[in-house]
Amino acid sequence: MRSPETAGVMPDSDVVVRTDGLTKRFGRRAALRDVHLEVRRGEVLGYLGPNGAGKTTTLRLLMGFIRPTGGSARIHGRDTWREAHHVHRQIGYLPGEPSLHDRLTGRDHVRFTSRLRAQRDDKRAVAIAERLDLDLDRPARTLSKGNRQKLALVLALMSDPQLLVLDEPTSGFDPLVQQEFQALLREHTAAGGSALLSSHVLGEVQRTADRIGVLRAGRLIAVEEMAVLRERSLHRVRARFDDPVTPADFARLPGLRDLTVTASTLTCSAPASALDALCRRMAEHRLADLECTEADLEETFLAYYGGEPSDAA
Amino acid sequence: MLPEVLRQTLVLQRRSLTTWVTAVILLVALYASLWPSIRDQPSVTELMDQMPEVLRSLLAAADMSTPVGYVQTELLGLTAPLLVILFSVVMGASGIAGEEDRRRIDLLLANPVSRTRVLLEKVAAMIVSTLVLVSAVGLALLAAGVLAGLDLPVGNVAAAMLHLWLLGIVFGTLAAALGAATGHVIISRAVPGVVALMAYLLNGLAPLVGWLAPLRKFSPFYQYSGHTPLVNGVSLAGVAVAVATVLVLAAGAVVAFRRRDVAG
(Lines give C-alpha, C1' and ligand atoms only; values in the text may rest on other atoms or scores of the structure.)
Protein backbone atom coordinates (compact mmCIF):
# COMPACT_ATOMS: atom_id res chain seq x y z
CA MET A 1 0.00 0.00 0.00
CA ARG A 2 1.07 3.55 -0.58
CA SER A 3 2.41 5.65 2.25
CA PRO A 4 0.67 8.79 3.46
CA GLU A 5 1.37 11.72 1.17
CA THR A 6 2.05 14.13 3.97
CA ALA A 7 1.91 14.01 7.73
CA GLY A 8 -1.62 14.46 9.05
CA VAL A 9 -3.29 13.19 5.88
CA MET A 10 -5.04 9.84 6.00
CA PRO A 11 -3.26 7.09 4.11
CA ASP A 12 -4.81 6.73 0.65
CA SER A 13 -5.93 3.22 1.38
CA ASP A 14 -8.17 4.49 4.16
CA VAL A 15 -9.78 7.25 2.14
CA VAL A 16 -12.65 5.89 0.07
CA VAL A 17 -14.05 9.17 -1.24
CA ARG A 18 -12.08 12.36 -1.67
CA THR A 19 -13.27 15.52 -3.33
CA ASP A 20 -10.95 18.45 -4.01
CA GLY A 21 -12.52 21.81 -4.63
CA LEU A 22 -15.51 20.08 -6.16
CA THR A 23 -17.64 22.68 -7.92
CA LYS A 24 -20.72 22.40 -10.09
CA ARG A 25 -22.48 25.20 -11.93
CA PHE A 26 -25.71 24.85 -13.84
CA GLY A 27 -25.56 27.76 -16.22
CA ARG A 28 -24.77 30.74 -14.01
CA ARG A 29 -26.10 29.16 -10.84
CA ALA A 30 -23.46 27.55 -8.63
CA ALA A 31 -25.04 24.44 -7.13
CA LEU A 32 -21.87 23.38 -5.36
CA ARG A 33 -18.83 25.46 -4.51
CA ASP A 34 -15.33 24.28 -3.66
CA VAL A 35 -16.25 21.24 -1.59
CA HIS A 36 -13.45 19.30 0.12
CA LEU A 37 -14.80 16.12 1.59
CA GLU A 38 -13.46 12.77 2.68
CA VAL A 39 -15.21 9.53 3.51
CA ARG A 40 -13.00 7.00 5.24
CA ARG A 41 -13.03 3.25 5.38
CA GLY A 42 -15.63 1.85 7.78
CA GLU A 43 -17.26 5.23 8.29
CA VAL A 44 -20.76 6.58 7.84
CA LEU A 45 -20.77 10.21 6.85
CA GLY A 46 -24.06 12.02 7.32
CA TYR A 47 -24.45 14.69 4.66
CA LEU A 48 -26.85 17.30 5.94
CA GLY A 49 -28.42 20.37 4.51
CA PRO A 50 -31.74 21.92 3.64
CA ASN A 51 -33.39 21.06 0.32
CA GLY A 52 -31.57 22.72 -2.53
CA ALA A 53 -28.28 23.01 -0.65
CA GLY A 54 -26.48 20.75 -3.14
CA LYS A 55 -26.66 17.32 -1.49
CA THR A 56 -28.07 15.50 -4.49
CA THR A 57 -25.71 17.38 -6.80
CA THR A 58 -22.77 16.11 -4.76
CA LEU A 59 -23.99 12.53 -4.87
CA ARG A 60 -24.64 12.70 -8.62
CA LEU A 61 -21.13 14.06 -9.13
CA LEU A 62 -19.77 11.11 -7.17
CA MET A 63 -21.77 8.78 -9.42
CA GLY A 64 -20.40 10.40 -12.58
CA PHE A 65 -23.88 11.32 -13.79
CA ILE A 66 -22.85 14.94 -14.02
CA ARG A 67 -19.50 16.50 -14.77
CA PRO A 68 -17.71 18.79 -12.32
CA THR A 69 -17.20 22.34 -13.55
CA GLY A 70 -14.27 22.63 -11.16
CA GLY A 71 -12.22 20.43 -8.88
CA SER A 72 -12.47 16.67 -8.84
CA ALA A 73 -13.95 13.73 -7.03
CA ARG A 74 -12.16 10.42 -6.59
CA ILE A 75 -13.33 7.10 -5.27
CA HIS A 76 -10.52 4.72 -4.40
CA GLY A 77 -8.30 7.06 -6.35
CA ARG A 78 -10.33 6.81 -9.55
CA ASP A 79 -11.88 9.88 -11.12
CA THR A 80 -15.66 9.67 -10.78
CA TRP A 81 -16.34 11.33 -14.15
CA ARG A 82 -13.72 9.78 -16.41
CA GLU A 83 -13.77 6.32 -14.87
CA ALA A 84 -17.38 6.22 -13.77
CA HIS A 85 -18.16 2.67 -14.78
CA HIS A 86 -15.06 1.31 -13.00
CA VAL A 87 -16.03 3.22 -9.90
CA HIS A 88 -19.57 1.84 -10.04
CA ARG A 89 -18.28 -1.67 -9.42
CA GLN A 90 -17.72 -0.61 -5.81
CA ILE A 91 -20.76 1.60 -5.24
CA GLY A 92 -24.32 0.88 -4.30
CA TYR A 93 -26.47 3.88 -5.19
CA LEU A 94 -29.90 4.86 -3.98
CA PRO A 95 -31.39 7.83 -5.85
CA GLY A 96 -33.41 10.44 -4.03
CA GLU A 97 -36.55 9.57 -5.96
CA PRO A 98 -36.10 6.05 -7.24
CA SER A 99 -37.80 5.23 -10.54
CA LEU A 100 -38.58 1.64 -11.40
CA HIS A 101 -40.02 -0.34 -14.29
CA ASP A 102 -43.73 -0.33 -13.47
CA ARG A 103 -44.58 -3.70 -14.98
CA LEU A 104 -41.60 -5.55 -13.60
CA THR A 105 -41.63 -7.26 -10.21
CA GLY A 106 -39.04 -6.71 -7.54
CA ARG A 107 -37.45 -10.02 -8.51
CA ASP A 108 -37.16 -8.88 -12.15
CA HIS A 109 -35.40 -5.74 -10.99
CA VAL A 110 -33.06 -7.79 -8.83
CA ARG A 111 -32.24 -10.06 -11.80
CA PHE A 112 -31.54 -7.12 -14.09
CA THR A 113 -29.21 -5.62 -11.54
CA SER A 114 -27.40 -8.84 -10.75
CA ARG A 115 -26.80 -9.49 -14.46
CA LEU A 116 -25.48 -5.96 -14.99
CA ARG A 117 -23.20 -6.47 -11.98
CA ALA A 118 -22.20 -9.97 -13.07
CA GLN A 119 -23.39 -11.56 -9.85
CA ARG A 120 -23.95 -15.28 -9.65
CA ASP A 121 -27.16 -15.41 -7.65
CA ASP A 122 -29.82 -13.33 -5.94
CA LYS A 123 -29.50 -14.79 -2.45
CA ARG A 124 -28.20 -11.62 -0.86
CA ALA A 125 -30.99 -9.54 -2.42
CA VAL A 126 -33.65 -11.98 -1.25
CA ALA A 127 -32.21 -11.94 2.28
CA ILE A 128 -32.21 -8.13 2.43
CA ALA A 129 -35.75 -7.96 1.04
CA GLU A 130 -36.88 -10.36 3.75
CA ARG A 131 -35.30 -8.27 6.47
CA LEU A 132 -36.99 -5.16 5.12
CA ASP A 133 -40.27 -7.09 4.83
CA LEU A 134 -40.55 -6.48 1.08
CA ASP A 135 -42.52 -8.77 -1.24
CA LEU A 136 -40.33 -9.27 -4.33
CA ASP A 137 -43.10 -10.83 -6.39
CA ARG A 138 -45.29 -7.77 -6.83
CA PRO A 139 -45.01 -5.51 -9.87
CA ALA A 140 -43.39 -2.19 -9.02
CA ARG A 141 -46.48 -0.19 -9.97
CA THR A 142 -48.48 -1.85 -7.17
CA LEU A 143 -45.91 -0.95 -4.51
CA SER A 144 -46.43 1.86 -2.02
CA LYS A 145 -43.90 4.70 -1.85
CA GLY A 146 -42.20 3.08 1.13
CA ASN A 147 -41.99 -0.29 -0.61
CA ARG A 148 -40.57 1.23 -3.79
CA GLN A 149 -37.94 2.85 -1.60
CA LYS A 150 -37.21 -0.56 -0.03
CA LEU A 151 -36.80 -2.17 -3.44
CA ALA A 152 -34.42 0.57 -4.56
CA LEU A 153 -32.47 0.04 -1.34
CA VAL A 154 -32.29 -3.71 -1.99
CA LEU A 155 -30.84 -2.94 -5.45
CA ALA A 156 -28.24 -0.65 -3.86
CA LEU A 157 -27.19 -3.12 -1.17
CA MET A 158 -27.48 -6.45 -2.99
CA SER A 159 -23.98 -6.58 -4.46
CA ASP A 160 -22.31 -5.82 -1.10
CA PRO A 161 -20.49 -2.80 -2.52
CA GLN A 162 -17.61 -1.19 -0.65
CA LEU A 163 -19.31 2.21 -0.66
CA LEU A 164 -22.96 3.09 -0.28
CA VAL A 165 -24.15 6.40 -1.71
CA LEU A 166 -27.65 6.88 -0.38
CA ASP A 167 -29.77 9.94 -1.11
CA GLU A 168 -32.31 10.40 1.69
CA PRO A 169 -32.46 6.65 2.34
CA THR A 170 -35.02 6.47 5.11
CA SER A 171 -37.60 8.97 3.93
CA GLY A 172 -40.86 7.07 3.76
CA PHE A 173 -39.80 4.26 6.11
CA ASP A 174 -41.69 3.46 9.28
CA PRO A 175 -39.68 3.21 12.53
CA LEU A 176 -39.31 -0.60 12.44
CA VAL A 177 -37.89 -0.56 8.92
CA GLN A 178 -35.62 2.32 9.90
CA GLN A 179 -34.20 0.17 12.68
CA GLU A 180 -33.57 -2.69 10.26
CA PHE A 181 -31.93 -0.25 7.86
CA GLN A 182 -29.65 0.96 10.66
CA ALA A 183 -28.75 -2.63 11.49
CA LEU A 184 -27.87 -3.30 7.84
CA LEU A 185 -25.73 -0.19 7.81
CA ARG A 186 -23.89 -1.24 10.98
CA GLU A 187 -23.13 -4.65 9.46
CA HIS A 188 -21.90 -2.91 6.33
CA THR A 189 -19.45 -0.70 8.22
CA ALA A 190 -18.39 -3.50 10.59
CA ALA A 191 -17.26 -5.37 7.47
CA GLY A 192 -15.12 -2.37 6.46
CA GLY A 193 -17.68 -0.73 4.18
CA SER A 194 -18.31 3.01 4.06
CA ALA A 195 -21.43 5.04 3.46
CA LEU A 196 -22.42 8.54 2.50
CA LEU A 197 -25.96 9.34 3.61
CA SER A 198 -27.72 12.54 2.72
CA SER A 199 -30.60 13.92 4.70
CA HIS A 200 -32.27 17.19 5.46
CA VAL A 201 -33.09 16.08 9.00
CA LEU A 202 -30.33 15.42 11.49
CA GLY A 203 -32.51 13.02 13.47
CA GLU A 204 -32.45 10.64 10.51
CA VAL A 205 -28.68 10.21 10.52
CA GLN A 206 -27.58 11.01 14.07
CA ARG A 207 -27.93 7.41 15.18
CA THR A 208 -25.91 5.97 12.31
CA ALA A 209 -23.38 8.63 11.34
CA ASP A 210 -19.82 8.77 12.64
CA ARG A 211 -19.31 12.22 11.22
CA ILE A 212 -21.62 14.89 9.94
CA GLY A 213 -20.98 17.25 7.05
CA VAL A 214 -23.20 20.29 6.76
CA LEU A 215 -23.98 21.85 3.44
CA ARG A 216 -25.54 25.24 3.06
CA ALA A 217 -26.19 27.01 -0.24
CA GLY A 218 -23.63 24.87 -2.06
CA ARG A 219 -20.86 25.22 0.50
CA LEU A 220 -19.64 22.60 2.95
CA ILE A 221 -19.67 24.71 6.10
CA ALA A 222 -18.69 22.10 8.69
CA VAL A 223 -17.55 18.53 9.09
CA GLU A 224 -17.71 17.33 12.68
CA GLU A 225 -17.26 14.09 14.58
CA MET A 226 -20.55 12.97 16.01
CA ALA A 227 -18.91 12.63 19.46
CA VAL A 228 -17.67 16.20 19.37
CA LEU A 229 -21.05 17.37 18.30
CA ARG A 230 -22.70 15.59 21.22
CA GLU A 231 -20.26 17.20 23.64
CA ARG A 232 -21.14 20.57 22.24
CA SER A 233 -24.81 19.78 22.38
CA LEU A 234 -26.58 22.74 23.88
CA HIS A 235 -28.83 22.82 26.92
CA ARG A 236 -31.55 25.38 27.22
CA VAL A 237 -31.34 26.82 30.72
CA ARG A 238 -34.12 28.91 32.24
CA ALA A 239 -33.88 30.12 35.82
CA ARG A 240 -35.99 32.39 38.04
CA PHE A 241 -34.59 33.98 41.16
CA ASP A 242 -36.13 35.37 44.33
CA ASP A 243 -33.54 38.08 44.62
CA PRO A 244 -32.51 40.54 41.94
CA VAL A 245 -29.79 39.53 39.50
CA THR A 246 -27.73 41.53 37.00
CA PRO A 247 -26.02 40.52 33.74
CA ALA A 248 -22.69 41.16 35.44
CA ASP A 249 -23.34 38.25 37.81
CA PHE A 250 -23.08 35.84 34.86
CA ALA A 251 -20.49 37.61 32.78
CA ARG A 252 -17.33 35.91 31.71
CA LEU A 253 -18.80 32.42 31.87
CA PRO A 254 -17.29 30.57 28.89
CA GLY A 255 -19.45 28.88 26.27
CA LEU A 256 -22.79 30.55 27.04
CA ARG A 257 -24.93 31.62 24.11
CA ASP A 258 -27.97 33.83 23.83
CA LEU A 259 -27.63 34.96 27.42
CA THR A 260 -30.54 37.13 28.58
CA VAL A 261 -30.74 38.37 32.13
CA THR A 262 -33.64 40.43 33.48
CA ALA A 263 -34.20 41.61 37.06
CA SER A 264 -35.17 38.13 38.25
CA THR A 265 -34.68 35.66 35.38
CA LEU A 266 -31.95 34.13 33.28
CA THR A 267 -32.19 32.26 29.98
CA CYS A 268 -29.35 30.95 27.91
CA SER A 269 -28.03 28.05 25.88
CA ALA A 270 -25.06 26.25 27.33
CA PRO A 271 -22.95 23.32 26.14
CA ALA A 272 -22.57 20.47 28.62
CA SER A 273 -19.06 21.67 29.47
CA ALA A 274 -20.36 25.02 30.73
CA LEU A 275 -23.11 23.70 32.99
CA ASP A 276 -21.03 23.21 36.13
CA ALA A 277 -19.71 26.76 36.21
CA LEU A 278 -23.13 28.14 35.41
CA CYS A 279 -24.77 26.22 38.28
CA ARG A 280 -22.18 27.41 40.77
CA ARG A 281 -22.80 31.00 39.73
CA MET A 282 -26.57 30.56 39.99
CA ALA A 283 -26.23 29.00 43.44
CA GLU A 284 -24.97 32.34 44.73
CA HIS A 285 -28.58 33.51 44.44
CA ARG A 286 -31.91 32.25 45.80
CA LEU A 287 -33.31 30.03 43.03
CA ALA A 288 -37.08 29.99 42.68
CA ASP A 289 -37.22 27.77 39.62
CA LEU A 290 -34.80 25.99 37.28
CA GLU A 291 -35.37 24.35 33.96
CA CYS A 292 -32.68 22.64 31.89
CA THR A 293 -33.50 20.75 28.69
CA GLU A 294 -31.21 19.35 26.01
CA ALA A 295 -31.70 21.01 22.66
CA ASP A 296 -31.73 18.65 19.68
CA LEU A 297 -28.68 18.50 17.49
CA GLU A 298 -30.44 20.52 14.86
CA GLU A 299 -30.48 23.52 17.11
CA THR A 300 -26.91 22.93 18.16
CA PHE A 301 -25.94 22.88 14.54
CA LEU A 302 -27.73 26.07 13.69
CA ALA A 303 -26.23 27.77 16.72
CA TYR A 304 -22.67 26.92 15.72
CA TYR A 305 -22.77 26.95 11.94
CA GLY A 306 -26.08 28.29 10.83
CA GLY A 307 -26.98 31.83 11.60
CA GLU A 308 -29.53 32.34 8.88
CA PRO A 309 -32.78 30.39 8.97
CA SER A 310 -33.18 27.23 6.92
CA ASP A 311 -33.92 28.02 3.29
CA ALA A 312 -35.79 24.78 2.81
CA ALA A 313 -38.71 25.03 0.42
CA MET B 1 -19.55 -9.58 -21.71
CA LEU B 2 -23.08 -10.44 -22.82
CA PRO B 3 -25.09 -7.56 -24.26
CA GLU B 4 -27.21 -7.32 -21.13
CA VAL B 5 -28.53 -3.81 -21.80
CA LEU B 6 -29.68 -4.95 -25.25
CA ARG B 7 -31.34 -8.03 -23.77
CA GLN B 8 -33.13 -6.03 -21.07
CA THR B 9 -34.30 -3.42 -23.57
CA LEU B 10 -35.80 -6.10 -25.82
CA VAL B 11 -37.48 -7.77 -22.84
CA LEU B 12 -39.01 -4.43 -21.84
CA GLN B 13 -40.17 -3.75 -25.41
CA ARG B 14 -41.76 -7.18 -25.89
CA ARG B 15 -45.33 -5.98 -25.48
CA SER B 16 -45.05 -2.98 -27.71
CA LEU B 17 -43.21 -4.94 -30.42
CA THR B 18 -45.88 -7.66 -30.35
CA THR B 19 -48.58 -5.04 -30.85
CA TRP B 20 -46.75 -3.48 -33.79
CA VAL B 21 -46.09 -6.84 -35.44
CA THR B 22 -49.75 -7.77 -35.11
CA ALA B 23 -50.79 -4.44 -36.60
CA VAL B 24 -48.55 -4.65 -39.67
CA ILE B 25 -49.60 -8.26 -40.35
CA LEU B 26 -53.25 -7.17 -40.26
CA LEU B 27 -52.44 -4.28 -42.57
CA VAL B 28 -50.73 -6.54 -45.12
CA ALA B 29 -53.68 -8.95 -44.86
CA LEU B 30 -56.03 -6.06 -45.63
CA TYR B 31 -54.07 -5.05 -48.73
CA ALA B 32 -53.89 -8.70 -49.84
CA SER B 33 -57.63 -9.12 -49.43
CA LEU B 34 -58.21 -6.08 -51.68
CA TRP B 35 -55.87 -7.38 -54.36
CA PRO B 36 -58.30 -9.65 -56.32
CA SER B 37 -60.80 -6.85 -56.82
CA ILE B 38 -58.13 -4.29 -57.79
CA ARG B 39 -56.57 -6.72 -60.26
CA ASP B 40 -59.88 -7.21 -62.01
CA GLN B 41 -60.56 -3.52 -62.36
CA PRO B 42 -58.51 -1.94 -65.14
CA SER B 43 -60.12 1.37 -64.24
CA VAL B 44 -57.86 1.60 -61.19
CA THR B 45 -54.84 1.65 -63.42
CA GLU B 46 -56.52 4.23 -65.64
CA LEU B 47 -57.29 6.30 -62.56
CA MET B 48 -53.65 6.17 -61.55
CA ASP B 49 -52.61 7.21 -65.05
CA GLN B 50 -54.85 10.26 -64.80
CA MET B 51 -53.36 11.40 -61.51
CA PRO B 52 -51.20 14.50 -61.63
CA GLU B 53 -47.56 13.79 -62.29
CA VAL B 54 -46.63 15.18 -58.87
CA LEU B 55 -48.82 12.68 -57.03
CA ARG B 56 -47.67 9.79 -59.18
CA SER B 57 -44.09 10.67 -58.47
CA LEU B 58 -44.65 11.06 -54.73
CA LEU B 59 -46.49 7.75 -54.47
CA ALA B 60 -43.97 6.01 -56.73
CA ALA B 61 -47.02 4.83 -58.64
CA ALA B 62 -46.54 1.76 -60.80
CA ASP B 63 -48.73 -0.50 -62.88
CA MET B 64 -51.47 -1.48 -60.44
CA SER B 65 -52.57 -4.52 -62.42
CA THR B 66 -49.47 -6.54 -61.49
CA PRO B 67 -48.74 -7.78 -57.95
CA VAL B 68 -45.38 -5.99 -57.93
CA GLY B 69 -46.91 -2.71 -59.05
CA TYR B 70 -49.76 -3.00 -56.59
CA VAL B 71 -47.54 -3.69 -53.55
CA GLN B 72 -45.04 -1.09 -54.69
CA THR B 73 -47.68 1.61 -54.99
CA GLU B 74 -50.03 0.76 -52.16
CA LEU B 75 -47.72 -0.56 -49.45
CA LEU B 76 -44.08 0.24 -50.08
CA GLY B 77 -44.65 3.72 -51.51
CA LEU B 78 -45.86 5.42 -48.37
CA THR B 79 -47.64 3.26 -45.78
CA ALA B 80 -44.87 0.80 -44.89
CA PRO B 81 -42.03 3.35 -44.76
CA LEU B 82 -44.23 5.66 -42.70
CA LEU B 83 -45.00 2.95 -40.12
CA VAL B 84 -41.48 1.55 -39.97
CA ILE B 85 -39.92 5.00 -39.57
CA LEU B 86 -42.46 5.86 -36.89
CA PHE B 87 -41.63 2.66 -35.02
CA SER B 88 -37.85 3.10 -35.30
CA VAL B 89 -37.98 6.73 -34.24
CA VAL B 90 -40.13 5.93 -31.19
CA MET B 91 -37.76 3.10 -30.22
CA GLY B 92 -34.66 5.18 -30.92
CA ALA B 93 -35.97 8.09 -28.85
CA SER B 94 -36.97 5.83 -25.97
CA GLY B 95 -33.47 4.39 -25.58
CA ILE B 96 -31.73 7.21 -23.75
CA ALA B 97 -34.11 10.19 -23.83
CA GLY B 98 -37.13 8.10 -22.82
CA GLU B 99 -35.33 6.54 -19.88
CA GLU B 100 -34.03 9.92 -18.83
CA ASP B 101 -37.45 11.50 -19.16
CA ARG B 102 -38.85 8.86 -16.81
CA ARG B 103 -35.89 9.53 -14.50
CA ARG B 104 -35.00 5.89 -14.80
CA ILE B 105 -31.61 6.02 -16.47
CA ASP B 106 -29.89 5.82 -13.07
CA LEU B 107 -31.08 2.22 -12.88
CA LEU B 108 -28.70 1.45 -15.76
CA LEU B 109 -25.93 3.98 -15.33
CA ALA B 110 -25.35 3.28 -11.61
CA ASN B 111 -24.02 -0.13 -12.66
CA PRO B 112 -20.56 -0.92 -13.96
CA VAL B 113 -21.51 -0.34 -17.60
CA SER B 114 -20.05 2.50 -19.62
CA ARG B 115 -22.21 5.12 -21.28
CA THR B 116 -20.84 4.05 -24.64
CA ARG B 117 -22.02 0.51 -24.02
CA VAL B 118 -25.45 1.60 -22.79
CA LEU B 119 -25.96 3.80 -25.84
CA LEU B 120 -24.72 1.33 -28.43
CA GLU B 121 -26.79 -1.50 -26.98
CA LYS B 122 -29.86 0.76 -26.94
CA VAL B 123 -29.28 1.54 -30.63
CA ALA B 124 -28.73 -2.16 -31.28
CA ALA B 125 -32.06 -2.91 -29.59
CA MET B 126 -33.80 -0.45 -31.93
CA ILE B 127 -32.10 -2.07 -34.94
CA VAL B 128 -33.06 -5.59 -33.83
CA SER B 129 -36.69 -4.73 -33.07
CA THR B 130 -37.03 -2.88 -36.40
CA LEU B 131 -35.67 -5.99 -38.11
CA VAL B 132 -38.35 -8.07 -36.39
CA LEU B 133 -41.06 -5.66 -37.54
CA VAL B 134 -39.82 -5.53 -41.14
CA SER B 135 -39.45 -9.32 -41.22
CA ALA B 136 -43.08 -9.56 -40.18
CA VAL B 137 -44.06 -7.35 -43.14
CA GLY B 138 -41.96 -9.49 -45.50
CA LEU B 139 -43.30 -12.80 -44.23
CA ALA B 140 -46.86 -11.47 -44.35
CA LEU B 141 -46.32 -10.44 -47.98
CA LEU B 142 -45.03 -13.90 -48.91
CA ALA B 143 -47.95 -15.48 -47.08
CA ALA B 144 -50.29 -13.20 -49.06
CA GLY B 145 -48.74 -14.56 -52.22
CA VAL B 146 -49.76 -18.07 -51.23
CA LEU B 147 -53.15 -17.20 -49.76
CA ALA B 148 -54.38 -14.38 -52.01
CA GLY B 149 -52.48 -14.95 -55.21
CA LEU B 150 -50.41 -11.81 -54.70
CA ASP B 151 -47.38 -13.41 -56.32
CA LEU B 152 -44.12 -11.63 -55.64
CA PRO B 153 -40.54 -12.71 -56.34
CA VAL B 154 -39.20 -13.93 -52.98
CA GLY B 155 -35.69 -12.59 -53.50
CA ASN B 156 -36.93 -9.12 -54.39
CA VAL B 157 -39.28 -9.03 -51.41
CA ALA B 158 -36.26 -9.79 -49.23
CA ALA B 159 -34.33 -7.00 -50.99
CA ALA B 160 -37.19 -4.54 -50.50
CA MET B 161 -37.42 -5.48 -46.81
CA LEU B 162 -33.66 -5.01 -46.40
CA HIS B 163 -33.98 -1.50 -47.78
CA LEU B 164 -37.07 -0.82 -45.69
CA TRP B 165 -35.19 -1.93 -42.57
CA LEU B 166 -32.24 0.32 -43.41
CA LEU B 167 -34.59 3.26 -44.05
CA GLY B 168 -36.15 2.75 -40.62
CA ILE B 169 -32.90 2.47 -38.70
CA VAL B 170 -31.40 5.55 -40.35
CA PHE B 171 -34.16 7.65 -38.79
CA GLY B 172 -34.19 5.52 -35.62
CA THR B 173 -30.49 6.16 -35.12
CA LEU B 174 -31.02 9.86 -35.77
CA ALA B 175 -33.66 9.80 -33.01
CA ALA B 176 -31.30 7.90 -30.69
CA ALA B 177 -28.49 10.35 -31.41
CA LEU B 178 -30.68 13.37 -30.69
CA GLY B 179 -31.87 11.69 -27.50
CA ALA B 180 -28.30 10.93 -26.47
CA ALA B 181 -27.23 14.50 -27.15
CA THR B 182 -30.18 16.32 -25.57
CA GLY B 183 -32.08 13.92 -23.30
CA HIS B 184 -35.33 15.36 -24.67
CA VAL B 185 -37.95 12.92 -25.92
CA ILE B 186 -39.89 15.48 -27.93
CA ILE B 187 -36.83 16.75 -29.81
CA SER B 188 -35.65 13.25 -30.55
CA ARG B 189 -39.05 12.28 -31.96
CA ALA B 190 -40.05 15.46 -33.76
CA VAL B 191 -36.80 16.29 -35.56
CA PRO B 192 -36.43 12.88 -37.27
CA GLY B 193 -40.13 13.10 -38.19
CA VAL B 194 -39.65 16.43 -39.93
CA VAL B 195 -36.40 15.30 -41.55
CA ALA B 196 -38.13 12.14 -42.81
CA LEU B 197 -40.95 14.20 -44.33
CA MET B 198 -38.47 16.48 -46.06
CA ALA B 199 -36.46 13.51 -47.32
CA TYR B 200 -39.65 11.93 -48.66
CA LEU B 201 -40.70 15.08 -50.49
CA LEU B 202 -37.19 15.59 -51.82
CA ASN B 203 -37.08 12.10 -53.27
CA GLY B 204 -40.58 12.32 -54.71
CA LEU B 205 -40.36 15.81 -56.17
CA ALA B 206 -36.77 15.80 -57.40
CA PRO B 207 -37.64 14.22 -60.76
CA LEU B 208 -40.05 17.10 -61.41
CA VAL B 209 -38.22 20.04 -59.90
CA GLY B 210 -35.00 20.81 -61.67
CA TRP B 211 -32.99 22.34 -58.88
CA LEU B 212 -33.88 19.48 -56.50
CA ALA B 213 -32.61 16.79 -58.85
CA PRO B 214 -28.94 16.85 -57.77
CA LEU B 215 -29.98 16.65 -54.10
CA ARG B 216 -32.12 13.57 -54.55
CA LYS B 217 -29.29 11.14 -53.84
CA PHE B 218 -28.98 12.53 -50.32
CA SER B 219 -32.49 11.41 -49.41
CA PRO B 220 -32.63 8.10 -47.50
CA PHE B 221 -35.81 7.48 -49.49
CA TYR B 222 -33.72 7.46 -52.65
CA GLN B 223 -31.49 4.75 -51.16
CA TYR B 224 -34.65 2.95 -50.14
CA SER B 225 -36.62 2.96 -53.37
CA GLY B 226 -34.74 4.90 -56.05
CA HIS B 227 -33.90 1.64 -57.75
CA THR B 228 -37.29 -0.08 -57.06
CA PRO B 229 -35.97 -3.09 -55.10
CA LEU B 230 -39.16 -5.08 -55.68
CA VAL B 231 -38.14 -5.15 -59.35
CA ASN B 232 -34.38 -4.80 -59.29
CA GLY B 233 -33.29 -6.35 -55.98
CA VAL B 234 -30.60 -4.98 -53.69
CA SER B 235 -28.74 -1.76 -54.43
CA LEU B 236 -25.29 -2.13 -52.90
CA ALA B 237 -24.73 1.60 -53.07
CA GLY B 238 -28.03 2.18 -51.27
CA VAL B 239 -27.05 -0.29 -48.54
CA ALA B 240 -23.60 1.24 -48.17
CA VAL B 241 -24.91 4.80 -47.83
CA ALA B 242 -27.55 3.74 -45.26
CA VAL B 243 -25.08 1.72 -43.18
CA ALA B 244 -22.55 4.56 -43.27
CA THR B 245 -25.25 7.01 -42.15
CA VAL B 246 -26.15 4.78 -39.20
CA LEU B 247 -22.50 4.41 -38.19
CA VAL B 248 -21.80 8.14 -38.38
CA LEU B 249 -24.93 9.00 -36.37
CA ALA B 250 -24.13 6.34 -33.75
CA ALA B 251 -20.56 7.61 -33.40
CA GLY B 252 -21.83 11.17 -32.98
CA ALA B 253 -24.30 9.95 -30.38
CA VAL B 254 -21.53 8.28 -28.37
CA VAL B 255 -19.41 11.43 -28.39
CA ALA B 256 -22.34 13.62 -27.32
CA PHE B 257 -23.61 11.24 -24.63
CA ARG B 258 -20.20 10.84 -23.02
CA ARG B 259 -19.80 14.58 -22.59
CA ARG B 260 -23.01 15.69 -21.03
CA ASP B 261 -24.78 15.61 -17.68
CA VAL B 262 -27.63 13.15 -17.42
CA ALA B 263 -30.83 14.20 -15.69
CA GLY B 264 -32.09 12.28 -12.70
# chains A, B, ... in the order shown; residues from 1 in each chain; ligands from 1
call {"tool": "select_by_dssp", "arguments": {"residues": "range 62-106 of chain B", "states": "helix (DSSP H, G or I)", "output": "VMD selection string"}}
result
chain B and resid 67 to 101 106
call {"tool": "closest_atom_pairs", "arguments": {"of": "chain B", "to": "chain A", "cutoff": "8 Å", "atoms": "only C-alpha atoms", "output": "tab-separated table"}}
result
residue	atom	partner	partner_atom	distance
B:Glu4	CA	A:Leu116	CA	6.5
B:Val5	CA	A:Leu116	CA	7.8
B:Gln8	CA	A:Phe112	CA	7.3
B:Arg102	CA	A:Ser99	CA	7.3
B:Arg103	CA	A:Ser99	CA	6.2
B:Arg104	CA	A:Ser99	CA	5.1
B:Asp106	CA	A:Pro95	CA	7.6
B:Leu107	CA	A:Leu100	CA	7.7
B:Leu109	CA	A:Phe65	CA	7.8
B:Ala110	CA	A:His88	CA	6.2
B:Asn111	CA	A:His88	CA	5.5
B:Pro112	CA	A:His85	CA	4.4
B:Val113	CA	A:His85	CA	5.3
B:Ser114	CA	A:His85	CA	5.2
B:Arg260	CA	A:Ile66	CA	7.0
B:Asp261	CA	A:Ile66	CA	4.2
B:Val262	CA	A:Phe65	CA	5.5
B:Ala263	CA	A:Phe65	CA	7.8
call {"tool": "atom_distance", "arguments": {"atom1": "CA of Pro244 in chain A", "atom2": "CA of Arg286 in chain A"}}
result
9.2 Å
